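> One structure, pasted below without further comment.
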Amino acid sequence: MSSHWAGALRGDGYAVQGNGLASDAVLKAMERAYLSSKGALAERLMAALEAGQQAGGQTIGRMSAAILVRTSEGDWQDIDLRVDGAPEPIHDLHRLLEQHFALQAIIRAERFAKQGKRDDARMAIADALHRSYQWDRIWLRAARLSMQMGDADRTLDCLGVLMTINPVWAQQELQDPLYEPLRTNSLFMSWKAESMQ
């Protein structure tokens, strides 16, 4: 017989509550994770959700998970992510959140590059790729930006990953005149030759 424990915890600027939980340990784990984690609010909320799940979570079903963060700027700075009808909703929500931050990082990288801040742009690209969960759009944008910055090695790395994630899109991308400086690179030309077959 499953537990139907319900309760709430409150502290300075936060509240944790739930019903149908395994025990009060779920809320305590969530509170500890939230208070001890660093980063943006959404990352701290994600840490709390993961800790609650590890402590037993909701016993009456775990098919959905969501994070909603409203900002004073609004629009694309807000985070509104939800997973429904999934066997591992917390895992899927974590992936979506990381991809959200990957998109923000690649946007930052593009802005830094326009401002001539190449080192900052490279760091932001690395952050975007690290958080991408193999999202093809992030790898494509990283390839284009790296090429624009004259970083042929990183461009080839990004295109290589894109080739494995989404070969059709990668082959289309290789035709772009942006990559003309790579025409003497044997690896790049072998990829282009594949598209001719």
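Going by the structure tokens order, chains are called A, B, ..., each with residues numbered from 1, while ligands are numbered from 1 in the order shown.
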Contacts of Lys192 in chain A at 8 Å or less, counting only C-alpha atoms, minus same-chain residues fewer than 6 places along, as a ChimeraX atom specification?

/A:171,174-175

> Would you save the residues of that selection, restricted to N, CA and C atoms, as a PDB file, in the first residue's frame?


ATOM      1  N   GLN A 171      24.883  17.969 -44.104  1.00  0.00           N
ATOM      2  CA  GLN A 171      25.247  17.999 -45.523  1.00  0.00           C
ATOM      3  C   GLN A 171      24.774  19.288 -46.192  1.00  0.00           C
ATOM      4  N   LEU A 174      27.167  22.100 -45.104  1.00  0.00           N
ATOM      5  CA  LEU A 174      28.484  22.070 -45.745  1.00  0.00           C
ATOM      6  C   LEU A 174      28.514  22.832 -47.060  1.00  0.00           C
ATOM      7  N   GLN A 175      27.369  23.027 -47.687  1.00  0.00           N
ATOM      8  CA  GLN A 175      27.304  23.715 -48.975  1.00  0.00           C
ATOM      9  C   GLN A 175      27.384  25.228 -48.824  1.00  0.00           C
TER      10      GLN A 175
END

> From a DSSP calculation on the backbone, collect every residue of range 126-173 of chain A in helix (DSSP H, G or I) and output the set as JSON, numbers by chain.

{"A": [126, 127, 128, 129, 130, 136, 137, 138, 139, 140, 141, 142, 143, 144, 145, 146, 147, 148, 152, 153, 154, 155, 156, 157, 158, 159, 160, 161, 162, 163, 164, 165, 167, 168, 169, 170, 171, 172, 173]}

> Generate the output file for the selected residues, C-alpha atoms, as a compact mmCIF listing (two decimals), in the first residue's frame.


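And here is the file that came out, out.txt:
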# COMPACT_ATOMS: atom_id res chain seq x y z
CA ALA A 126 32.01 25.75 -24.72
CA ASP A 127 29.23 26.24 -22.17
CA ALA A 128 26.57 25.93 -24.89
CA LEU A 129 28.04 22.71 -26.27
CA HIS A 130 28.46 21.22 -22.80
CA ASP A 136 21.69 19.87 -33.45
CA ARG A 137 20.78 23.58 -33.62
CA ILE A 138 23.36 24.44 -30.96
CA TRP A 139 26.14 22.53 -32.73
CA LEU A 140 25.25 24.16 -36.06
CA ARG A 141 25.29 27.67 -34.58
CA ALA A 142 28.57 26.90 -32.82
CA ALA A 143 30.08 25.73 -36.11
CA ARG A 144 28.98 28.88 -37.93
CA LEU A 145 30.18 31.19 -35.18
CA SER A 146 33.52 29.40 -34.87
CA MET A 147 34.00 29.70 -38.64
CA GLN A 148 33.19 33.42 -38.52
CA ALA A 152 38.83 26.14 -38.14
CA ASP A 153 39.56 23.36 -35.64
CA ARG A 154 36.51 24.07 -33.51
CA THR A 155 34.41 24.48 -36.66
CA LEU A 156 35.43 21.01 -37.84
CA ASP A 157 34.74 19.54 -34.40
CA CYS A 158 31.25 21.05 -34.36
CA LEU A 159 30.50 19.96 -37.92
CA GLY A 160 31.70 16.45 -37.09
CA VAL A 161 29.27 16.20 -34.19
CA LEU A 162 26.50 17.68 -36.33
CA MET A 163 27.22 14.99 -38.94
CA THR A 164 26.47 12.29 -36.35
CA ILE A 165 23.40 14.01 -34.84
CA PRO A 167 23.53 14.13 -41.20
CA VAL A 168 20.94 15.60 -43.56
CA TRP A 169 21.16 19.07 -42.05
CA ALA A 170 24.94 18.80 -41.80
CA GLN A 171 25.25 18.00 -45.52
CA GLN A 172 23.11 21.04 -46.34
CA GLU A 173 25.27 23.17 -44.05

> Per residue of range 7-42 of chain A within 12 Å of range 78-91 of chain A, record the nearest atom pair and its distance in Å to one decimal, counting only C-alpha atoms, with rows in chain order and ascending residue number, as a tab-separated table.


residue	atom	partner	partner_atom	distance
A:Ala40	CA	A:Ile79	CA	11.1
A:Leu41	CA	A:Ile79	CA	10.1
A:Ala42	CA	A:Ile79	CA	7.7

> Please determine, counting only C-alpha atoms, which residue among A:Phe188, A:Leu178, A:Ser72, A:Trp135 has the shortest atom-to-atom distance to Leu103 in chain A.

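Using only C-alpha atoms, the shortest distance to Leu103 in chain A belongs to A:Trp135.
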
> Tell me, as a tab-separated table (two decimals) with N, CA and C atoms, in the first residue's frame, which residues lie within 9 Å of His4 in chain A, counting only C-alpha atoms; anything in the same chain fewer than 2 positions away does not count.


chain	number	residue	atom	x	y	z
A	2	SER	N	0.63	2.17	-0.89
A	2	SER	CA	1.48	3.35	-1.03
A	2	SER	C	1.11	4.40	0.02
A	6	ALA	N	1.47	14.17	2.96
A	6	ALA	CA	1.40	15.53	2.43
A	6	ALA	C	1.94	16.49	3.47
A	19	ASN	N	2.00	16.54	-2.06
A	19	ASN	CA	1.09	15.53	-1.53
A	19	ASN	C	1.33	14.22	-2.27
A	20	GLY	N	0.86	13.14	-1.69
A	20	GLY	CA	1.09	11.83	-2.28
A	20	GLY	C	2.56	11.45	-2.26
A	21	LEU	N	3.31	12.01	-1.30
A	21	LEU	CA	4.76	11.79	-1.25
A	21	LEU	C	5.09	10.55	-0.43
A	22	ALA	N	6.30	10.03	-0.63
A	22	ALA	CA	6.74	8.85	0.09
A	22	ALA	C	6.83	9.13	1.59
A	23	SER	N	7.31	10.32	1.96
A	23	SER	CA	7.43	10.69	3.37
A	23	SER	C	7.87	12.15	3.46
A	58	GLN	N	6.99	11.25	-5.42
A	58	GLN	CA	5.54	11.09	-5.30
A	58	GLN	C	5.19	9.63	-5.59
A	59	THR	N	4.51	9.01	-4.66
A	59	THR	CA	4.22	7.58	-4.81
A	59	THR	C	2.98	7.32	-5.66
A	60	ILE	N	2.17	8.36	-5.87
A	60	ILE	CA	0.91	8.17	-6.61
A	60	ILE	C	1.07	8.42	-8.10

> Could you work out how far CA of Gly13 in chain A lies from CA of Ala47 in chain A, giving the answer in Å with one decimal?

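Computing the Euclidean distance for CA of Ala47 in chain A and CA of Gly13 in chain A yields 16.8 Å.
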
> Could you state the separation of CA of Gln104 in chain A and CA of Trp191 in chain A in Å, given to one decimal place?

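About the pair CA of Gln104 in chain A and CA of Trp191 in chain A: they are 29.5 Å apart.
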
> Calculated over only C-alpha atoms, which of the candidates A:Glu180, A:Glu31, A:Glu110, A:Asp24 has the smallest distance to Arg10 in chain A?

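Closest to Arg10 in chain A, using only C-alpha atoms: A:Glu31.
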